[in-house]
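Trainee: Pasting final.cif here (mmCIF, C-alpha atoms):
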data_data
loop_
_atom_site.label_atom_id
_atom_site.label_comp_id
_atom_site.auth_asym_id
_atom_site.auth_seq_id
_atom_site.Cartn_x
_atom_site.Cartn_y
_atom_site.Cartn_z
CA MET A 460 21.54 36.55 -23.77
CA ASP A 461 21.87 36.48 -19.98
CA ALA A 462 21.79 33.36 -17.85
CA GLU A 463 18.15 33.82 -16.84
CA GLU A 464 17.09 33.90 -20.47
CA ILE A 465 19.05 30.74 -21.21
CA TYR A 466 17.44 28.99 -18.23
CA LYS A 467 14.07 29.94 -19.64
CA GLU A 468 15.00 28.55 -23.05
CA MET A 469 16.11 25.34 -21.37
CA ALA A 470 12.82 25.04 -19.52
CA ASP A 471 10.93 25.76 -22.73
CA SER A 472 12.88 23.09 -24.61
CA ILE A 473 11.62 20.49 -22.13
CA VAL A 474 8.04 21.81 -22.22
CA ASN A 475 8.12 21.86 -26.04
CA LEU A 476 9.57 18.32 -26.01
CA ASP A 477 12.37 19.60 -28.23
CA GLN A 478 15.26 17.22 -27.62
CA GLU A 479 17.55 18.75 -30.22
CA LYS A 480 17.20 22.18 -28.65
CA ALA A 481 17.65 20.82 -25.12
CA LEU A 482 20.88 19.04 -26.01
CA LYS A 483 22.16 22.09 -27.89
CA LEU A 484 21.51 24.25 -24.82
CA ALA A 485 23.17 21.69 -22.52
CA ASN A 486 26.29 21.82 -24.70
CA GLN A 487 26.09 25.61 -24.77
CA ALA A 488 26.07 25.60 -20.97
CA LEU A 489 29.25 23.51 -20.98
CA ASN A 490 30.98 25.72 -23.54
CA GLU A 491 30.07 28.90 -21.70
CA GLU A 492 31.06 27.37 -18.35
CA MET A 493 27.71 28.17 -16.80
CA ASP A 494 26.84 27.11 -13.26
CA LEU A 495 25.67 23.58 -14.10
CA LEU A 496 23.76 23.08 -10.87
CA LYS A 497 21.70 26.15 -11.70
CA VAL A 498 21.34 24.94 -15.28
CA ILE A 499 19.70 21.79 -13.97
CA GLU A 500 17.58 23.39 -11.27
CA LYS A 501 16.52 26.67 -12.87
CA GLY A 502 16.66 25.48 -16.48
CA PHE A 503 15.79 21.90 -17.30
CA GLY A 504 14.39 21.17 -13.81
CA GLU A 505 11.91 24.01 -14.13
CA GLY A 506 10.89 22.55 -17.50
CA ILE A 507 10.13 19.09 -16.13
CA ARG A 508 8.11 20.63 -13.30
CA LYS A 509 6.02 22.46 -15.89
CA VAL A 510 5.62 19.24 -17.88
CA GLY A 511 4.31 17.59 -14.71
CA ASP A 512 1.82 20.41 -14.26
CA LEU A 513 0.65 20.07 -17.86
CA TRP A 514 0.05 16.35 -17.28
CA ASP A 515 -1.73 17.14 -14.05
CA ASP A 516 -3.99 19.61 -15.86
CA GLY A 517 -4.83 17.05 -18.55
CA GLU A 518 -2.98 19.03 -21.20
CA PHE A 519 -0.32 16.36 -21.78
CA PHE A 520 -0.76 12.68 -22.52
CA LEU A 521 1.40 10.08 -20.78
CA PRO A 522 3.88 9.73 -23.70
CA GLU A 523 4.40 13.51 -23.60
CA LEU A 524 5.08 13.40 -19.86
CA MET A 525 7.56 10.58 -20.44
CA SER A 526 9.10 12.37 -23.40
CA GLY A 527 9.80 15.37 -21.16
CA ALA A 528 11.48 13.07 -18.62
CA GLN A 529 13.44 11.32 -21.35
CA ILE A 530 14.77 14.63 -22.74
CA MET A 531 15.58 15.87 -19.23
CA GLU A 532 17.54 12.68 -18.59
CA LYS A 533 19.55 13.10 -21.80
CA ALA A 534 20.29 16.76 -21.09
CA VAL A 535 21.50 15.90 -17.58
CA ASP A 536 23.64 13.10 -19.08
CA VAL A 537 25.43 15.75 -21.16
CA LEU A 538 26.19 17.78 -18.03
CA THR A 539 27.05 14.96 -15.64
CA PRO A 540 30.69 14.25 -16.64
CA LYS A 541 31.63 17.91 -16.17
CA LEU A 542 29.71 18.10 -12.92
CA GLN A 543 31.50 15.04 -11.59
CA SER A 544 34.95 16.15 -12.71
CA SER A 545 34.44 19.50 -11.01
CA GLY A 546 33.48 17.77 -7.78
CA SER A 547 30.00 19.29 -7.84
CA GLU A 548 26.95 17.20 -7.34
CA ARG A 549 23.39 17.85 -8.29
CA GLN A 550 21.59 18.51 -5.07
CA SER A 551 19.55 15.42 -4.30
CA SER A 552 15.89 15.89 -3.49
CA GLY A 553 16.14 12.70 -1.45
CA LYS A 554 16.79 8.97 -1.78
CA VAL A 555 13.84 6.74 -2.65
CA LEU A 556 13.61 2.97 -2.77
CA LEU A 557 10.88 1.64 -5.07
CA ALA A 558 9.57 -1.90 -5.40
CA THR A 559 6.52 -3.77 -6.56
CA ILE A 560 5.61 -5.98 -3.63
CA GLU A 561 5.87 -9.77 -3.42
CA GLY A 562 3.27 -11.57 -5.53
CA ASP A 563 2.91 -8.74 -8.02
CA ILE A 564 4.68 -8.65 -11.36
CA HIS A 565 3.50 -5.30 -12.72
CA SER A 566 6.31 -2.87 -13.40
CA ILE A 567 5.36 -0.18 -15.92
CA GLY A 568 3.62 2.12 -13.43
CA LYS A 569 6.48 1.87 -10.96
CA THR A 570 9.02 2.58 -13.69
CA ILE A 571 7.09 5.71 -14.66
CA VAL A 572 7.18 6.85 -11.03
CA ALA A 573 10.93 6.13 -10.85
CA THR A 574 11.52 8.13 -14.03
CA MET A 575 9.60 11.15 -12.81
CA LEU A 576 11.30 11.05 -9.40
CA ARG A 577 14.73 10.95 -11.06
CA ALA A 578 13.80 13.79 -13.39
CA ASN A 579 12.90 15.80 -10.31
CA GLY A 580 16.23 15.24 -8.60
CA PHE A 581 15.56 12.19 -6.45
CA GLN A 582 18.02 9.33 -6.28
CA VAL A 583 16.04 6.18 -6.97
CA ILE A 584 16.81 2.56 -6.20
CA ASP A 585 14.38 0.39 -8.16
CA LEU A 586 14.27 -3.17 -6.83
CA GLY A 587 11.91 -4.37 -9.56
CA THR A 588 8.85 -6.55 -9.14
CA ASP A 589 7.76 -9.38 -6.86
CA VAL A 590 10.03 -8.19 -4.03
CA LYS A 591 9.68 -9.59 -0.52
CA ALA A 592 8.96 -7.09 2.26
CA GLU A 593 12.03 -8.30 4.16
CA LYS A 594 14.30 -7.50 1.22
CA ILE A 595 12.76 -4.04 0.82
CA VAL A 596 13.48 -3.25 4.46
CA ASN A 597 17.02 -4.63 4.32
CA VAL A 598 17.93 -2.61 1.24
CA ALA A 599 16.32 0.50 2.73
CA ILE A 600 18.51 0.14 5.83
CA ASN A 601 21.71 -0.59 3.94
CA ALA A 602 21.20 2.18 1.38
CA ASN A 603 19.99 4.61 4.05
CA VAL A 604 17.05 5.78 1.95
CA ASP A 605 14.65 8.53 3.00
CA ILE A 606 11.51 7.11 1.44
CA ILE A 607 10.28 3.58 0.75
CA GLY A 608 7.70 3.38 -2.04
CA VAL A 609 5.76 0.14 -2.38
CA SER A 610 3.52 -0.55 -5.35
CA THR A 611 0.84 -3.16 -5.98
CA LEU A 612 -2.07 -3.70 -8.34
CA LEU A 613 -4.34 -6.18 -6.59
CA THR A 614 -6.12 -6.22 -3.27
CA THR A 615 -4.63 -9.63 -2.56
CA THR A 616 -1.02 -8.50 -2.84
CA MET A 617 -1.85 -5.17 -1.21
CA LEU A 618 -1.68 -6.96 2.14
CA ASN A 619 2.06 -7.36 1.64
CA GLN A 620 2.47 -3.56 1.59
CA LYS A 621 1.44 -3.57 5.24
CA LYS A 622 4.11 -6.16 5.97
CA VAL A 623 6.83 -3.62 5.13
CA ILE A 624 5.58 -1.33 7.88
CA GLU A 625 5.16 -4.20 10.32
CA ILE A 626 8.78 -5.25 9.83
CA LEU A 627 9.98 -1.67 10.31
CA GLU A 628 7.96 -1.49 13.53
CA GLN A 629 9.31 -4.83 14.75
CA LYS A 630 12.84 -3.55 14.21
CA ASN A 631 12.00 -0.28 15.96
CA ILE A 632 13.08 1.72 12.91
CA ARG A 633 9.70 2.84 11.62
CA ASN A 634 10.53 6.49 12.23
CA ASN A 635 13.72 6.26 10.19
CA PHE A 636 11.78 6.09 6.93
CA LYS A 637 8.77 7.58 5.22
CA VAL A 638 6.69 4.84 3.62
CA ILE A 639 4.43 5.59 0.69
CA PHE A 640 2.12 3.33 -1.29
CA GLY A 641 1.03 3.25 -4.90
CA GLY A 642 -1.25 1.16 -7.08
CA ALA A 643 -4.84 1.03 -8.26
CA PRO A 644 -6.44 -0.48 -5.13
CA VAL A 645 -4.69 1.82 -2.65
CA THR A 646 -6.87 4.35 -0.87
CA GLN A 647 -6.36 6.83 1.96
CA GLY A 648 -8.25 4.37 4.16
CA TRP A 649 -5.65 1.69 3.48
CA VAL A 650 -2.83 4.16 4.15
CA ASP A 651 -4.43 5.09 7.47
CA GLU A 652 -4.97 1.46 8.41
CA CYS A 653 -1.33 0.63 7.73
CA HIS A 654 0.00 3.83 9.32
CA ALA A 655 1.82 4.64 6.08
CA ASP A 656 2.84 8.19 5.27
CA GLY A 657 0.84 8.67 2.10
CA TYR A 658 -0.11 7.43 -1.33
CA ALA A 659 -0.15 8.85 -4.82
CA GLU A 660 -2.49 8.17 -7.72
CA ASN A 661 0.07 8.80 -10.43
CA ALA A 662 3.72 9.62 -11.06
CA VAL A 663 3.35 13.39 -10.86
CA GLU A 664 1.45 13.09 -7.59
CA SER A 665 4.16 10.80 -6.27
CA VAL A 666 6.79 13.49 -6.90
CA LYS A 667 4.69 16.03 -5.01
CA LEU A 668 4.16 13.56 -2.18
CA ALA A 669 7.87 12.68 -1.97
CA LYS A 670 8.83 16.35 -1.89
CA SER A 671 6.30 17.07 0.83
CA LEU A 672 7.76 14.31 2.98
CA MET A 673 11.37 15.46 2.72
CA MET B 176 -29.94 -24.72 -24.54
CA VAL B 177 -26.45 -23.59 -25.33
CA PRO B 178 -23.73 -26.16 -26.01
CA ILE B 179 -21.58 -26.93 -23.01
CA LEU B 180 -18.26 -27.15 -24.76
CA ILE B 181 -14.92 -25.51 -24.28
CA HIS B 182 -14.30 -23.01 -27.06
CA ARG B 183 -10.72 -22.00 -27.68
CA ARG B 184 -9.04 -20.29 -30.56
CA ASN B 185 -6.49 -17.73 -31.65
CA TYR B 186 -7.53 -14.19 -32.55
CA GLU B 187 -5.21 -12.94 -35.25
CA GLU B 188 -7.06 -9.78 -36.28
CA ILE B 189 -6.92 -7.34 -33.39
CA THR B 190 -7.91 -3.82 -34.33
CA VAL B 191 -7.33 -1.21 -31.68
CA ARG B 192 -9.08 2.13 -32.15
CA GLU B 193 -7.27 5.38 -31.46
CA LYS B 194 -9.80 6.35 -28.80
CA ASP B 195 -9.08 3.14 -26.91
CA ILE B 196 -5.38 3.92 -26.81
CA VAL B 197 -6.06 7.51 -25.78
CA TYR B 198 -8.07 6.21 -22.84
CA TYR B 199 -4.99 4.48 -21.45
CA LEU B 200 -2.66 7.41 -22.16
CA GLN B 201 -4.63 10.22 -20.59
CA ARG B 202 -4.55 11.35 -17.04
CA SER B 203 -7.24 9.87 -14.88
CA ASN B 204 -7.92 9.80 -11.20
CA LYS B 205 -10.10 7.79 -8.92
CA SER B 206 -12.86 10.36 -8.69
CA SER B 207 -13.30 11.48 -12.26
CA HIS B 208 -12.29 11.17 -15.86
CA ASN B 209 -11.20 14.31 -17.61
CA SER B 210 -13.40 14.46 -20.65
CA SER B 211 -11.94 17.74 -21.91
CA GLN B 212 -8.55 16.23 -22.71
CA LYS B 213 -6.73 17.97 -25.52
CA VAL B 214 -6.47 16.25 -28.89
CA LEU B 215 -3.44 14.23 -29.96
CA THR B 216 -0.65 16.25 -31.56
CA PRO B 217 0.51 15.18 -35.04
CA ASP B 218 3.81 14.04 -33.47
CA LEU B 219 2.04 11.85 -30.95
CA LYS B 220 -0.26 10.46 -33.63
CA MET B 221 2.80 9.46 -35.64
CA GLN B 222 4.31 7.77 -32.59
CA LEU B 223 1.09 5.83 -32.07
CA VAL B 224 1.12 4.68 -35.69
CA ARG B 225 4.77 3.65 -35.38
CA MET B 226 4.17 1.68 -32.21
CA GLU B 227 0.99 0.11 -33.57
CA SER B 228 3.03 -1.40 -36.38
CA ILE B 229 5.19 -3.04 -33.71
CA ALA B 230 2.30 -4.02 -31.45
CA VAL B 231 0.48 -5.94 -34.16
CA THR B 232 3.55 -8.15 -34.67
CA LEU B 233 3.63 -8.92 -30.93
CA TYR B 234 0.00 -9.80 -30.30
CA GLU B 235 -0.41 -13.53 -29.65
CA SER B 236 -4.09 -13.30 -28.93
CA LYS B 237 -5.97 -16.30 -27.63
CA GLY B 238 -9.22 -16.91 -25.86
CA ILE B 239 -11.05 -19.73 -24.18
CA PHE B 240 -14.59 -19.92 -22.82
CA LYS B 241 -17.22 -22.35 -21.67
CA ILE B 242 -20.86 -22.01 -20.70
CA PHE B 243 -21.78 -23.76 -17.46
CA LYS B 244 -25.03 -24.59 -15.74
CA ALA B 245 -25.02 -22.20 -12.78
CA SER B 246 -25.91 -25.10 -10.50
CA LYS B 247 -22.63 -26.79 -11.43
CA LEU B 248 -20.59 -23.84 -10.16
CA PRO B 249 -20.06 -22.97 -6.48
CA PHE B 250 -22.74 -20.54 -5.29
CA ARG B 251 -21.78 -16.91 -5.62
CA GLU B 252 -24.02 -13.90 -5.14
CA CYS B 253 -22.97 -12.58 -8.53
CA PHE B 254 -24.33 -15.73 -10.21
CA ALA B 255 -27.54 -15.85 -8.14
CA GLU B 256 -29.99 -14.90 -10.92
CA ALA B 257 -28.19 -16.83 -13.68
CA GLU B 258 -29.34 -20.13 -15.10
CA ARG B 259 -26.07 -20.45 -17.00
CA VAL B 260 -22.75 -18.71 -16.58
CA ALA B 261 -20.15 -18.22 -19.30
CA LEU B 262 -16.59 -18.14 -17.98
CA ALA B 263 -13.77 -16.87 -20.20
CA ILE B 264 -10.04 -16.18 -20.20
CA VAL B 265 -8.30 -14.14 -22.90
CA THR B 266 -4.74 -12.95 -23.43
CA ILE B 267 -2.47 -11.18 -25.88
CA GLY B 268 0.46 -13.33 -24.76
CA LYS B 269 3.79 -12.42 -23.22
CA SER B 270 5.74 -10.89 -26.14
CA LEU B 271 4.18 -7.43 -26.05
CA PRO B 272 4.45 -6.90 -22.27
CA LEU B 273 8.05 -8.12 -22.42
CA GLU B 274 8.91 -5.67 -25.18
CA ALA B 275 7.19 -2.81 -23.33
CA ASN B 276 9.21 -3.59 -20.20
CA ASN B 277 12.44 -3.85 -22.17
CA ARG B 278 11.83 -0.45 -23.75
CA MET B 279 11.19 1.10 -20.34
CA LYS B 280 14.35 -0.46 -18.94
CA SER B 281 16.45 0.90 -21.79
CA GLY B 282 15.12 4.42 -21.29
CA GLU B 283 12.74 4.40 -24.27
CA TYR B 284 9.93 5.53 -22.01
CA VAL B 285 7.68 6.93 -24.71
CA ASP B 286 7.72 3.72 -26.71
CA GLY B 287 7.30 1.68 -23.53
CA VAL B 288 4.17 3.42 -22.31
CA ILE B 289 2.58 3.45 -25.77
CA LEU B 290 3.25 -0.27 -26.24
CA ASP B 291 1.82 -0.95 -22.80
CA ALA B 292 -1.34 0.95 -23.80
CA PHE B 293 -1.59 -1.15 -26.97
CA GLY B 294 -1.36 -4.18 -24.70
CA SER B 295 -4.18 -3.02 -22.45
CA ALA B 296 -6.41 -1.98 -25.36
CA GLY B 297 -5.53 -5.14 -27.30
CA VAL B 298 -6.53 -7.56 -24.58
CA GLU B 299 -9.83 -5.73 -24.17
CA GLN B 300 -10.40 -6.16 -27.91
CA VAL B 301 -9.88 -9.91 -27.54
CA ALA B 302 -12.29 -9.89 -24.59
CA ASP B 303 -14.81 -8.02 -26.77
CA GLN B 304 -14.51 -10.66 -29.49
CA VAL B 305 -14.99 -13.55 -27.09
CA ASN B 306 -17.85 -11.61 -25.47
CA ARG B 307 -19.52 -11.32 -28.91
CA GLU B 308 -19.12 -15.04 -29.57
CA ILE B 309 -20.78 -15.85 -26.27
CA VAL B 310 -23.59 -13.38 -26.93
CA ASP B 311 -24.18 -14.84 -30.41
CA ILE B 312 -24.66 -18.29 -28.89
CA VAL B 313 -26.91 -16.97 -26.14
CA LYS B 314 -29.04 -14.83 -28.47
CA SER B 315 -29.60 -17.73 -30.82
CA GLN B 316 -31.23 -19.52 -27.88
CA ASN B 317 -33.39 -16.50 -26.98
CA PHE B 318 -31.78 -16.06 -23.60
CA GLU B 319 -30.85 -12.80 -21.93
CA TYR B 320 -27.31 -12.02 -20.86
CA SER B 321 -25.45 -9.61 -18.62
CA GLN B 322 -22.47 -7.48 -19.47
CA ARG B 323 -19.18 -9.17 -18.67
CA PHE B 324 -17.75 -8.80 -15.19
CA SER B 325 -14.48 -9.91 -13.66
CA PRO B 326 -13.15 -11.03 -10.28
CA GLY B 327 -11.99 -7.96 -8.40
CA TYR B 328 -14.70 -5.78 -9.93
CA CYS B 329 -18.37 -5.23 -9.13
CA GLN B 330 -17.85 -6.61 -5.61
CA TRP B 331 -16.84 -10.03 -6.95
CA ASN B 332 -13.90 -11.18 -4.85
CA VAL B 333 -10.65 -11.27 -6.81
CA LYS B 334 -9.87 -14.64 -5.20
CA ASP B 335 -12.50 -16.12 -7.51
CA GLN B 336 -9.89 -16.00 -10.24
CA GLU B 337 -9.30 -19.47 -8.84
CA LEU B 338 -12.90 -20.46 -9.55
CA ILE B 339 -12.43 -19.52 -13.20
CA PHE B 340 -9.09 -21.28 -13.54
CA GLN B 341 -10.41 -24.41 -11.81
CA ASN B 342 -13.13 -24.63 -14.42
CA LEU B 343 -11.23 -23.53 -17.52
CA PRO B 344 -7.81 -24.81 -18.63
CA GLY B 345 -6.03 -21.45 -18.82
CA GLU B 346 -2.78 -23.24 -19.56
CA ASP B 347 -4.21 -24.22 -22.96
CA ILE B 348 -3.85 -20.59 -24.02
CA GLY B 349 -0.68 -19.98 -21.96
CA VAL B 350 -2.29 -18.20 -19.02
CA SER B 351 -1.60 -19.16 -15.43
CA LEU B 352 -2.58 -17.81 -12.05
CA THR B 353 -0.10 -16.70 -9.40
CA GLU B 354 -0.57 -17.28 -5.67
CA GLY B 355 -1.75 -13.67 -5.48
CA TYR B 356 -4.53 -14.43 -8.00
CA MET B 357 -2.78 -12.47 -10.71
CA MET B 358 -2.77 -13.71 -14.27
CA LYS B 359 0.44 -14.30 -16.19
CA PRO B 360 1.03 -12.95 -18.83
CA ILE B 361 -0.13 -9.68 -17.30
CA LYS B 362 -2.15 -8.58 -20.32
CA SER B 363 -4.80 -11.22 -19.74
CA VAL B 364 -8.44 -10.85 -18.73
CA SER B 365 -10.84 -13.30 -17.16
CA PHE B 366 -14.56 -12.70 -16.95
CA ALA B 367 -18.05 -14.11 -16.51
CA ILE B 368 -21.36 -13.41 -18.24
CA ASN B 369 -24.64 -14.33 -16.60
CA ILE B 370 -27.19 -16.04 -18.86
CA GLY B 371 -30.88 -16.68 -18.19
CA LYS B 372 -34.48 -15.73 -18.85
CA ASN B 373 -34.56 -12.69 -16.56
CA ILE B 374 -30.98 -11.55 -16.35
CA LYS B 375 -31.63 -8.01 -17.52
CA LYS B 376 -33.92 -7.35 -14.56
CA SER B 377 -31.22 -8.09 -12.02
CA ARG B 378 -28.12 -6.74 -13.67
CA TRP B 379 -25.55 -7.74 -11.10
CA GLU B 380 -22.80 -6.00 -12.98
CA THR B 381 -24.43 -2.55 -13.05
CA ARG B 382 -24.23 -2.23 -9.31
CA CYS B 383 -20.75 -0.86 -9.87
CA LYS B 384 -22.48 2.39 -10.84
CA SER B 385 -22.41 3.20 -7.17
CA CYS B 386 -18.90 1.89 -6.59
CA GLU B 387 -16.30 4.42 -5.44
CA GLU B 388 -13.77 2.94 -7.87
CA ARG B 389 -15.93 3.45 -10.94
CA GLY B 390 -13.83 6.32 -12.28
CA GLN B 391 -10.85 4.00 -12.45
CA CYS B 392 -12.50 0.70 -13.32
CA THR B 393 -12.05 -0.81 -16.78
CA TYR B 394 -15.63 -2.05 -16.67
CA ARG B 395 -17.10 1.20 -15.46
CA MET B 396 -20.64 2.01 -16.51
CA GLN B 397 -21.07 5.12 -18.62
#
Is it possible to express this structure as structure tokens?

Mentor:
Amino acid sequence: MDAEEIYKEMADSIVNLDQEKALKLANQALNEEMDLLKVIEKGFGEGIRKVGDLWDDGEFFLPELMSGAQIMEKAVDVLTPKLQSSGSERQSSGKVLLATIEGDIHSIGKTIVATMLRANGFQVIDLGTDVKAEKIVNVAINANVDIIGVSTLLTTTMLNQKKVIEILEQKNIRNNFKVIFGGAPVTQGWVDECHADGYAENAVESVKLAKSLM
Amino acid sequence: MVPILIHRRNYEEITVREKDIVYYLQRSNKSSHNSSQKVLTPDLKMQLVRMESIAVTLYESKGIFKIFKASKLPFRECFAEAERVALAIVTIGKSLPLEANNRMKSGEYVDGVILDAFGSAGVEQVADQVNREIVDIVKSQNFEYSQRFSPGYCQWNVKDQELIFQNLPGEDIGVSLTEGYMMKPIKSVSFAINIGKNIKKSRWETRCKSCEERGQCTYRMQ
């Protein structure tokens, strides 16, 4: 079986949510000293992209989307020690800081977004919930992130999303970051009003948005 | 007319239907609901059964409601046609949301999102039960009643969470309000029902039929 066929099997193992097969193929890749970066990108990475499409098309339910991400994560965990010891690094799609804004304690949706971003090659810093705008900006500066993602569920706490952009503007560093919003009350109108760079309705959309901004 | 008492009790029997869980686990967007979603696979059905057995041990369901004379509440457009207004708060407690978050943190994403869906569907079941109790009282008095509606929906300002919590002791069932008008524990619901002789002619709550958020809204009209 040539490498291309193995990549396809890897992608299929993610799409079929077959963890046993995915881990077996990851170990096979190690044993056969395959190009691990290609294994991730052309194999398992292709699989998680297809899983995202299936969710987007309404073919997959949320647990199936998350199962794909979970299997992807485990397969990459198998490959990571060898990748690190060989000095190779998975090419990062970008660095994203995520937080649920001050006053809001909802975390599940943000965690789903973080999981899908990681599965698609982004480095993610998740600051958790009820995070002050000032802290979000400070961590973004110190960690030199590309994208700041701010989530909220209520119209009342939504106002604090705007604060993140105001602080960036006050510090004259607005152009150093892309700022994206998420959460049920967020609309394109709100994004325009805040001069944010975009919003996503769900985790798969957020991956597409993040990629488009990089 | 109806007794003006505070009703509070625990709700130990919460039965969540599969279709309610599916609602929370399928893809939706703000403009439409995909009604042609595929059916659950046997694997996913088994996972739902497994997580349901955990969810039922974590529900700590409680509810509280009171029926007020509308004139005793601050004027709100949404109460305008009501002679009486029932206010209610319900919750499934903090154990289930905590467990869902813990599962997500430890990388058990599938379990986490399914438990979270059981939380959302569960608290709506408690709201349904309290809703029925209110309706039973109202019907016995030959009054009409609206569907339930909540702050933040149907053009009722979310800040009126405060109005509900000022008039009902949420702390009696372990529910508090944050400065951002968010309820803790997060799987809690507050709502109002209008009561009166001509409520069905006005139907405040059905005006959300024309709301741009209706595809997303829990209380959307069919």

Trainee: Taking only C-alpha atoms into account, report as JSON, numbers by chain which residues of chain B lie within 9 Å of chain A.

Mentor: {"B": [197, 199, 200, 201, 202, 203, 204, 205, 209, 211, 212, 213, 214, 215, 219, 275, 276, 279, 280, 282, 283, 284, 285, 286, 287, 288, 289, 291, 327, 333, 334, 353, 354, 355, 356, 357, 359, 361, 388, 391]}

Trainee: Save out the residues we just selected, C-alpha atoms, as a tab-separated table (two decimals), in the coordinates of the input.

Mentor:
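And here is the file that came out, part.tsv:
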chain	number	residue	atom	x	y	z
B	197	VAL	CA	-6.06	7.51	-25.78
B	199	TYR	CA	-4.99	4.48	-21.45
B	200	LEU	CA	-2.66	7.41	-22.16
B	201	GLN	CA	-4.63	10.22	-20.59
B	202	ARG	CA	-4.55	11.35	-17.04
B	203	SER	CA	-7.24	9.87	-14.88
B	204	ASN	CA	-7.92	9.80	-11.20
B	205	LYS	CA	-10.10	7.79	-8.92
B	209	ASN	CA	-11.20	14.31	-17.61
B	211	SER	CA	-11.94	17.74	-21.91
B	212	GLN	CA	-8.55	16.23	-22.71
B	213	LYS	CA	-6.73	17.97	-25.52
B	214	VAL	CA	-6.47	16.25	-28.89
B	215	LEU	CA	-3.44	14.23	-29.96
B	219	LEU	CA	2.04	11.85	-30.95
B	275	ALA	CA	7.19	-2.81	-23.33
B	276	ASN	CA	9.21	-3.59	-20.20
B	279	MET	CA	11.19	1.10	-20.34
B	280	LYS	CA	14.35	-0.46	-18.94
B	282	GLY	CA	15.12	4.42	-21.29
B	283	GLU	CA	12.74	4.40	-24.27
B	284	TYR	CA	9.93	5.53	-22.01
B	285	VAL	CA	7.68	6.93	-24.71
B	286	ASP	CA	7.72	3.72	-26.71
B	287	GLY	CA	7.30	1.68	-23.53
B	288	VAL	CA	4.17	3.42	-22.31
B	289	ILE	CA	2.58	3.45	-25.77
B	291	ASP	CA	1.82	-0.95	-22.80
B	327	GLY	CA	-11.99	-7.96	-8.40
B	333	VAL	CA	-10.65	-11.27	-6.81
B	334	LYS	CA	-9.87	-14.64	-5.20
B	353	THR	CA	-0.10	-16.70	-9.40
B	354	GLU	CA	-0.57	-17.28	-5.67
B	355	GLY	CA	-1.75	-13.67	-5.48
B	356	TYR	CA	-4.53	-14.43	-8.00
B	357	MET	CA	-2.78	-12.47	-10.71
B	359	LYS	CA	0.44	-14.30	-16.19
B	361	ILE	CA	-0.13	-9.68	-17.30
B	388	GLU	CA	-13.77	2.94	-7.87
B	391	GLN	CA	-10.85	4.00	-12.45

Trainee: Expand the PyMOL selection byres ((chain A and resi 554-558) around 8) into the individual residues it matches in the shown file, reporting them as a list of chain:residue names.

Mentor: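 This file gives the following for the PyMOL selection byres ((chain A and resi 554-558) around 8): A:Ser551, A:Ser552, A:Gly553, A:Thr559, A:Ile560, A:Lys569, A:Ala573, A:Phe581, A:Gln582, A:Val583, A:Ile584, A:Asp585, A:Leu586, A:Gly587, A:Thr588, A:Asp589, A:Val590, A:Ile595, A:Ala599, A:Asn603, A:Val604, A:Asp605, A:Ile606, A:Ile607, A:Gly608, A:Val609, A:Ser610.
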
Trainee: So the first atom is CA of Val510 (chain A) and the second is CA of Leu223 (chain B); what is the distance between them in Å, to one decimal place?

Mentor: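 Pair CA of Val510 (chain A) / CA of Leu223 (chain B) returns 20.0 Å.
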
Trainee: Using the chain letters and residue numbers of this document, give as a ChimeraX atom specification the residues selected by the PyMOL selection byres ((chain B and resi 183-194) around 6).

Mentor: /B:182,195-197,236-239

Trainee: Evaluate the PyMOL selection byres ((chain B and resi 320) around 9) against this structure - the residues, as a ChimeraX atom specification, please.

Mentor: /B:257,310,313-314,318-319,321-323,368-375,378

Trainee: Which residue gives the smallest distance to Glu258 (chain B) among B:Arg225, B:Lys244, B:Arg278, B:Lys220, with all atoms listed in the file counted?

Mentor: B:Lys244

Trainee: If we count all atoms listed in the file, what is near Phe366 (chain B) at a cut-off of 6 Å, once residues fewer than 3 positions away on the same chain are taken out, given as a list of chain:residue names?

Mentor: B:Leu262, B:Ala263, B:Phe324, B:Ser325

Trainee: One number please: CA of Ala462 (chain A) to CA of Phe503 (chain A), in Å, one decimal.

Mentor: 12.9 Å

Trainee: Please identify all polymer residues within 6 Å of Ile639 (chain A), counting only C-alpha atoms, omitting same-chain residues fewer than 2 positions from it, and present them as a PyMOL selection string.

Mentor: chain A and resi 608+656-658

Trainee: Got time to write the residues from that selection, C-alpha atoms, as an mmCIF file, keeping the file's coordinate frame?

Mentor:
data_model
loop_
_atom_site.group_PDB
_atom_site.id
_atom_site.type_symbol
_atom_site.label_atom_id
_atom_site.label_comp_id
_atom_site.auth_asym_id
_atom_site.auth_seq_id
_atom_site.Cartn_x
_atom_site.Cartn_y
_atom_site.Cartn_z
ATOM 1 C CA GLY A 608 7.700 3.380 -2.040
ATOM 2 C CA ASP A 656 2.840 8.190 5.270
ATOM 3 C CA GLY A 657 0.840 8.670 2.100
ATOM 4 C CA TYR A 658 -0.110 7.430 -1.330
#

Trainee: Taking 2 positions as the minimum chain separation for residues in the same chain, which residues sit within 8 Å of Val364 (chain B) when counting all atoms listed in the file? Answer as a tab-separated table (two decimals) with C-alpha atoms, in the coordinates of the input.

Mentor:
chain	number	residue	atom	x	y	z
B	264	ILE	CA	-10.04	-16.18	-20.20
B	265	VAL	CA	-8.30	-14.14	-22.90
B	266	THR	CA	-4.74	-12.95	-23.43
B	298	VAL	CA	-6.53	-7.56	-24.58
B	299	GLU	CA	-9.83	-5.73	-24.17
B	302	ALA	CA	-12.29	-9.89	-24.59
B	325	SER	CA	-14.48	-9.91	-13.66
B	358	MET	CA	-2.77	-13.71	-14.27
B	362	LYS	CA	-2.15	-8.58	-20.32
B	366	PHE	CA	-14.56	-12.70	-16.95
